[in-house]
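Undergrad: My structure is in target_29.txt, and what it holds is compact mmCIF, C-alpha atoms and all ligand atoms:
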# COMPACT_ATOMS: atom_id res chain seq x y z
CA MET P 1 23.93 18.91 -1.51
CA LYS P 2 20.98 19.31 -3.86
CA LYS P 3 19.43 16.24 -2.26
CA ASP P 4 18.78 18.28 0.88
CA LEU P 5 16.37 20.46 -1.12
CA ARG P 6 13.99 17.57 -1.62
CA LYS P 7 11.50 15.68 0.51
CA VAL P 8 12.33 12.01 0.93
CA VAL P 9 9.18 9.92 0.55
CA ILE P 10 9.04 6.24 1.45
CA ALA P 11 5.75 4.87 0.16
CA GLY P 12 4.35 1.38 0.51
CA ASN P 13 2.14 0.15 -2.32
CA TRP P 14 0.10 -2.66 -0.89
CA LYS P 15 -1.55 -3.40 -4.25
CA MET P 16 -4.52 -5.81 -3.76
CA ASN P 17 -3.43 -7.11 -0.38
CA LYS P 18 -4.73 -7.04 3.22
CA THR P 19 -8.16 -6.94 4.77
CA ARG P 20 -9.06 -4.10 7.11
CA VAL P 21 -8.16 -6.08 10.22
CA GLN P 22 -4.80 -7.02 8.70
CA ALA P 23 -4.23 -3.42 7.60
CA ALA P 24 -4.58 -2.07 11.14
CA GLU P 25 -2.32 -4.83 12.50
CA LEU P 26 0.42 -4.11 9.98
CA ILE P 27 0.33 -0.33 10.34
CA ASN P 28 0.43 -0.55 14.13
CA GLN P 29 3.76 -2.33 13.89
CA PHE P 30 5.72 0.45 12.13
CA LYS P 31 3.69 3.64 12.41
CA GLY P 32 5.82 5.46 15.01
CA VAL P 33 9.18 4.78 13.42
CA SER P 34 9.55 7.96 11.35
CA ASP P 35 8.10 10.40 13.88
CA GLY P 36 10.35 13.41 14.39
CA SER P 37 12.30 12.79 11.16
CA ASP P 38 12.11 14.58 7.81
CA VAL P 39 11.25 11.36 5.99
CA GLN P 40 7.63 11.18 4.86
CA VAL P 41 6.22 7.69 5.15
CA VAL P 42 3.11 6.96 3.07
CA VAL P 43 1.06 3.79 2.88
CA CYS P 44 -1.05 3.32 -0.26
CA VAL P 45 -3.76 0.82 0.58
CA PRO P 46 -6.76 -0.66 -1.24
CA TYR P 47 -9.81 1.67 -1.25
CA THR P 48 -11.67 -0.45 1.28
CA ASN P 49 -8.81 -0.07 3.79
CA LEU P 50 -8.50 3.71 3.54
CA GLU P 51 -10.64 4.66 6.50
CA THR P 52 -9.11 2.00 8.75
CA ALA P 53 -5.60 3.04 7.71
CA VAL P 54 -6.30 6.74 8.32
CA GLY P 55 -7.56 5.85 11.80
CA ALA P 56 -4.53 3.66 12.50
CA VAL P 57 -1.95 6.39 11.70
CA LYS P 58 -3.68 9.13 13.68
CA GLY P 59 -1.20 10.97 15.91
CA THR P 60 1.81 9.86 13.83
CA SER P 61 3.52 11.45 10.83
CA VAL P 62 2.52 8.62 8.46
CA LYS P 63 0.17 9.60 5.61
CA ILE P 64 -2.29 7.40 3.77
CA GLY P 65 -2.70 7.12 0.02
CA ALA P 66 -4.88 5.37 -2.56
CA GLN P 67 -3.68 3.47 -5.62
CA ASN P 68 -5.68 5.28 -8.31
CA VAL P 69 -8.18 8.11 -8.82
CA HIS P 70 -10.59 9.01 -11.59
CA PHE P 71 -10.31 12.34 -13.39
CA GLU P 72 -13.98 13.30 -13.40
CA GLU P 73 -15.55 14.81 -10.32
CA SER P 74 -18.59 12.51 -10.39
CA GLY P 75 -20.88 10.69 -12.80
CA ALA P 76 -21.52 7.40 -14.57
CA PHE P 77 -18.09 5.78 -14.17
CA THR P 78 -18.84 2.41 -12.61
CA GLY P 79 -16.07 1.16 -10.38
CA GLU P 80 -14.15 4.42 -10.25
CA ILE P 81 -13.41 6.70 -7.27
CA SER P 82 -13.08 10.49 -7.38
CA ALA P 83 -10.48 12.72 -5.79
CA ALA P 84 -13.10 14.31 -3.51
CA GLN P 85 -14.13 10.86 -2.29
CA LEU P 86 -10.50 10.06 -1.43
CA CYS P 87 -10.03 13.37 0.37
CA GLU P 88 -13.21 12.85 2.34
CA VAL P 89 -11.87 9.67 3.94
CA GLY P 90 -8.52 11.31 4.73
CA ALA P 91 -6.27 10.09 1.93
CA GLU P 92 -3.49 12.57 1.15
CA TYR P 93 -1.52 10.77 -1.57
CA VAL P 94 -2.49 8.73 -4.62
CA ILE P 95 -0.46 6.51 -6.94
CA ILE P 96 -1.19 7.21 -10.60
CA GLY P 97 -0.09 5.36 -13.72
CA HIS P 98 1.43 2.33 -12.00
CA SER P 99 2.71 -0.07 -14.65
CA GLU P 100 0.17 -2.68 -13.50
CA ARG P 101 -2.59 -0.14 -14.28
CA ARG P 102 -0.99 0.60 -17.65
CA GLN P 103 -0.47 -3.11 -18.44
CA TYR P 104 -3.69 -4.72 -17.19
CA PHE P 105 -6.24 -1.89 -17.12
CA GLY P 106 -5.55 0.12 -20.24
CA GLU P 107 -4.13 3.16 -18.49
CA THR P 108 -2.42 5.50 -20.97
CA ASP P 109 -0.25 8.59 -20.69
CA GLU P 110 -3.35 10.58 -21.51
CA THR P 111 -5.39 9.16 -18.62
CA VAL P 112 -2.37 9.42 -16.31
CA ASN P 113 -2.16 13.09 -17.24
CA LEU P 114 -5.88 13.66 -16.54
CA ARG P 115 -5.88 11.70 -13.29
CA THR P 116 -2.81 13.55 -12.01
CA LYS P 117 -4.42 16.91 -12.81
CA ALA P 118 -7.58 15.91 -10.97
CA ALA P 119 -5.60 14.74 -7.94
CA LEU P 120 -3.66 18.01 -7.70
CA LYS P 121 -6.83 20.06 -8.09
CA SER P 122 -8.24 18.38 -4.99
CA GLY P 123 -5.05 18.80 -2.99
CA LEU P 124 -3.95 15.16 -3.18
CA ILE P 125 -0.26 14.52 -3.77
CA PRO P 126 0.12 12.31 -6.83
CA ILE P 127 2.83 9.65 -7.01
CA MET P 128 3.16 9.41 -10.77
CA CYS P 129 4.81 6.22 -12.03
CA VAL P 130 7.00 5.93 -15.12
CA GLY P 131 9.36 3.20 -16.28
CA GLU P 132 10.56 1.09 -19.15
CA SER P 133 9.98 -2.59 -19.96
CA LEU P 134 12.76 -5.15 -20.28
CA ASP P 135 12.46 -5.12 -24.08
CA GLU P 136 12.79 -1.35 -24.11
CA ARG P 137 15.85 -1.43 -21.84
CA GLU P 138 17.49 -4.13 -23.95
CA ALA P 139 16.75 -2.15 -27.11
CA GLY P 140 18.61 0.80 -25.57
CA ILE P 141 15.60 3.11 -25.62
CA THR P 142 15.09 3.59 -21.86
CA GLU P 143 15.80 7.32 -22.02
CA GLU P 144 13.44 7.88 -24.95
CA ILE P 145 10.66 6.02 -23.15
CA LEU P 146 11.18 7.94 -19.91
CA SER P 147 11.36 11.31 -21.57
CA THR P 148 8.23 10.60 -23.65
CA GLN P 149 6.30 9.49 -20.55
CA ILE P 150 7.38 12.57 -18.59
CA LYS P 151 6.45 14.90 -21.44
CA LEU P 152 3.03 13.32 -22.03
CA ASP P 153 2.13 12.72 -18.40
CA PHE P 154 2.90 16.35 -17.51
CA THR P 155 1.38 17.94 -20.62
CA GLY P 156 -0.28 21.24 -19.74
CA PHE P 157 1.11 21.33 -16.18
CA THR P 158 2.48 24.45 -14.54
CA ALA P 159 5.92 24.33 -12.93
CA ASP P 160 4.24 24.53 -9.55
CA GLU P 161 2.07 21.48 -10.32
CA VAL P 162 5.13 19.48 -11.38
CA LYS P 163 6.90 20.48 -8.15
CA LYS P 164 4.00 19.13 -6.08
CA THR P 165 4.05 15.77 -7.85
CA VAL P 166 6.16 12.86 -6.63
CA ILE P 167 7.64 10.92 -9.55
CA ALA P 168 8.29 7.20 -9.12
CA TYR P 169 10.77 5.59 -11.49
CA GLU P 170 9.73 1.95 -11.64
CA PRO P 171 11.46 -0.18 -14.28
CA ILE P 172 8.81 -2.77 -15.15
CA TRP P 173 11.37 -5.57 -15.26
CA ALA P 174 12.22 -4.97 -11.60
CA ILE P 175 8.67 -5.03 -10.22
CA GLY P 176 7.84 -8.11 -8.18
CA THR P 177 10.61 -10.02 -9.90
CA GLY P 178 13.27 -9.81 -7.20
CA LYS P 179 15.43 -8.32 -9.93
CA THR P 180 16.38 -4.88 -8.62
CA ALA P 181 17.98 -2.21 -10.73
CA THR P 182 21.52 -1.70 -9.49
CA ALA P 183 21.99 1.44 -7.43
CA GLU P 184 23.82 2.93 -10.42
CA GLN P 185 21.00 2.08 -12.86
CA ALA P 186 18.40 3.55 -10.47
CA GLY P 187 20.47 6.66 -9.86
CA GLU P 188 21.15 7.12 -13.55
CA ALA P 189 17.49 6.84 -14.57
CA CYS P 190 16.27 9.14 -11.76
CA GLY P 191 18.99 11.62 -12.73
CA PHE P 192 17.91 11.42 -16.35
CA ILE P 193 14.28 12.13 -15.39
CA ARG P 194 15.45 15.11 -13.34
CA GLY P 195 17.30 16.39 -16.42
CA VAL P 196 14.13 16.14 -18.51
CA ILE P 197 12.22 18.09 -15.84
CA ALA P 198 14.99 20.71 -15.80
CA LYS P 199 14.72 21.19 -19.55
CA LEU P 200 10.94 21.43 -19.51
CA TYR P 201 10.29 23.30 -16.26
CA GLY P 202 13.61 24.78 -15.13
CA GLN P 203 16.41 23.79 -12.77
CA ASP P 204 14.60 25.03 -9.68
CA VAL P 205 11.69 22.61 -10.25
CA ALA P 206 14.08 19.77 -11.10
CA ASP P 207 16.12 20.37 -7.94
CA SER P 208 13.06 20.28 -5.69
CA VAL P 209 10.93 17.50 -7.19
CA THR P 210 10.97 14.17 -5.35
CA ILE P 211 11.93 11.21 -7.54
CA GLN P 212 11.56 7.76 -6.00
CA TYR P 213 12.88 4.41 -7.14
CA GLY P 214 10.56 1.39 -7.11
CA GLY P 215 11.08 -2.25 -8.06
CA SER P 216 12.10 -4.99 -5.64
CA MET P 217 13.40 -2.50 -3.09
CA ASN P 218 13.91 -4.43 0.13
CA ALA P 219 15.53 -4.36 3.55
CA LYS P 220 18.87 -5.45 2.09
CA ASN P 221 19.24 -3.13 -0.89
CA ALA P 222 17.37 -0.01 0.32
CA ALA P 223 20.33 1.80 1.88
CA GLU P 224 22.42 1.58 -1.28
CA LEU P 225 19.57 2.67 -3.56
CA LEU P 226 18.54 5.54 -1.29
CA ALA P 227 22.13 6.78 -1.06
CA GLN P 228 22.07 7.74 -4.74
CA GLU P 229 22.10 11.51 -5.24
CA ASP P 230 18.99 11.49 -7.43
CA VAL P 231 16.96 8.85 -5.56
CA ASP P 232 14.69 10.63 -3.07
CA GLY P 233 12.84 7.68 -1.62
CA GLY P 234 11.16 4.49 -2.65
CA LEU P 235 7.87 3.03 -3.81
CA ILE P 236 7.83 -0.38 -2.23
CA GLY P 237 5.53 -3.30 -3.02
CA GLY P 238 6.25 -6.70 -1.47
CA ALA P 239 8.56 -5.49 1.30
CA SER P 240 5.96 -2.98 2.51
CA LEU P 241 3.72 -5.89 3.49
CA VAL P 242 6.24 -7.09 6.07
CA ALA P 243 6.49 -4.66 8.99
CA ALA P 244 10.06 -5.56 9.94
CA ASP P 245 11.30 -5.08 6.37
CA PHE P 246 9.41 -1.84 5.82
CA GLU P 247 10.84 -0.53 9.08
CA VAL P 248 14.39 -1.27 7.94
CA ILE P 249 13.72 0.63 4.69
CA ILE P 250 12.28 3.63 6.57
CA LYS P 251 15.31 3.66 8.87
CA ALA P 252 17.66 3.47 5.88
CA ALA P 253 16.00 6.62 4.53
CA MET P 254 16.36 8.35 7.90
CA ALA P 255 20.07 7.52 8.23
P1 LIG P 301 7.87 -4.71 -5.58
O1 LIG P 301 8.56 -3.90 -4.51
O2 LIG P 301 7.04 -5.84 -5.03
O3 LIG P 301 8.81 -5.11 -6.67
O4 LIG P 301 6.79 -3.73 -6.25
C1 LIG P 301 7.23 -2.49 -6.67
C2 LIG P 301 6.04 -1.71 -7.04
O5 LIG P 301 5.38 -1.98 -8.01
C3 LIG P 301 5.67 -0.58 -6.18
O6 LIG P 301 4.71 0.21 -6.77
Could you write out this file's structure as structure tokens?
TA:
Amino acid sequence: MKKDLRKVVIAGNWKMNKTRVQAAELINQFKGVSDGSDVQVVVCVPYTNLETAVGAVKGTSVKIGAQNVHFEESGAFTGEISAAQLCEVGAEYVIIGHSERRQYFGETDETVNLRTKAALKSGLIPIMCVGESLDEREAGITEEILSTQIKLDFTGFTADEVKKTVIAYEPIWAIGTGKTATAEQAGEACGFIRGVIAKLYGQDVADSVTIQYGGSMNAKNAAELLAQEDVDGGLIGGASLVAADFEVIIKAAMA
């Protein structure tokens, strides 16, 4: 199966939740679960929790990620964090272009492209988010939106850079709404994205790139979503804040 060619990545996106004390408590509850398996568990925490989280996962296979990164190496960019600064504290992954960044903080395909480039240059693994809104899905233009985002977000990338990037398909209408895409919808969209990558960068890249589903993934629906041929993991918000639920999702990926 082609699926065996790809790394399965289960990533928690904590968004703006948890203090440092709470972060250590939560991580300590699930951190050993994936040891010895091929599933890569990642926890993307607020900047202020990075160092604590890196310390908490020491000795386990869990990796720590941030939720954004700036594209410049340094300079007058108040409030921003560089890739080198993330690497210095031990972050290995970074979410880029989350729909909340695009919606509330003016993130565009152009900045997503630049931020992803900067992350790769520093050796961080980007988790690049794409996805359509409810209006776009209802208008029947989901595929156009996804293919445009993929083309723009990867503009100027080499095949090798695309291969190193994790893509997260997150339909905006399913984020934090409790409204999950059906397993078929998730599989179909991830498969479509893989097809776009195949056309642009070749079948070999498409077969090996990790494509996650994100949007109300939880302990109940994870197994069905993760069983889809083109779904290689999940980007999980709310359910990653509850250790017992996140553990069930990790175990579903390991099954
Ligand atoms: P929820 O799992 O809370 O819907 O959030 C999904 C998400 O945005 C992950 O990045």
Undergrad: Which one of P:Glu110, P:Ala53, P:Glu25, P:Val43 sits closest to Asp153 in chain P if you count only C-alpha atoms?
TA: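 The shortest atom-to-atom distance to Asp153 in chain P comes from P:Glu110.
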Undergrad: Could you tell me which of P:Tyr201, P:Tyr213, P:Tyr47, P:Trp173 comes closest to Ala186 in chain P if we count all atoms listed in the file?
TA: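 Nearest candidate to Ala186 in chain P out of P:Tyr201, P:Tyr213, P:Tyr47, P:Trp173: P:Tyr213.
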Undergrad: As a PyMOL selection string, please: every protein or nucleic acid residue near ligand LIG 301 (chain P) (cut-off 10 Å, counting only C-alpha atoms and all ligand atoms).
TA: chain P and resi 11-15+44+67+95-100+127+129+168-180+213-218+234-241
Undergrad: Excluding Gly187 in chain P and residues on its chain fewer than 4 positions from it, collect all residues at most 12 Å away from it, counting all atoms listed in the file, and give them as a VMD selection string.
TA: chain P and resid 169 to 170 181 to 183 191 to 194 211 to 214 224 to 234
Undergrad: Quick one: everything within 12 Å of Ala159 in chain P, counting only C-alpha atoms, minus sequence neighbours fewer than 3 positions away in the same chain. Send it as a list in words.
TA: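 Listed by chain and then number, they are Phe154, Thr155, Gly156, Val162, Lys163, Lys164, Thr165, Ile197, Ala198, Lys199, Leu200, Tyr201, Gly202, Gln203, Asp204, Val205, Ala206, Ser208 and Val209 of chain P.
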Undergrad: With distances taken over only C-alpha atoms, which of P:Cys190, P:Leu146, P:Met128, P:Val41 is nearest to Arg101 in chain P?
TA: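 Counting only C-alpha atoms, the residue closest to Arg101 in chain P is P:Met128.
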Undergrad: Write out as a VMD selection string which residues come within 12 Å of Ala23 in chain P when counting only C-alpha atoms, dropping same-chain ones fewer than 2 positions away.
TA: chain P and resid 14 16 to 21 25 to 31 43 to 57 64 240 to 243
Undergrad: Quote the spacing between CA of Arg137 in chain P and CA of Asp207 in chain P in Å to one decimal place.
TA: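 These two atoms are separated by 25.9 Å.
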Undergrad: So which one's closest to Val42 in chain P, P:Ala222, P:Val166, P:Leu5, P:Leu134? Using only C-alpha atoms, please.
TA: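 With only C-alpha atoms as the atom set, the closest residue is P:Val166.
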Undergrad: For Tyr93 in chain P, which residue among P:Asn68, P:Ser147, P:Ser74, P:Ser61 is the nearest when counting all atoms listed in the file?
TA: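 Distance minimum relative to Tyr93 in chain P lands on P:Asn68.
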Undergrad: Taking all atoms listed in the file into account, which of P:Phe105, P:Val89, P:Arg6, P:Met254 comes nearest Gly36 in chain P?
TA: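 Closest to Gly36 in chain P of all the choices is P:Met254.
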Undergrad: Quick one, how far is CA of Val9 in chain P from CA of Glu144 in chain P?
TA: 25.9 Å
Undergrad: In Å, rounded to a single decimal, give me how far CA of Ala91 in chain P is from CA of Ser122 in chain P.
TA: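 One can read the CA of Ser122 in chain P to CA of Ala91 in chain P distance as 11.0 Å.
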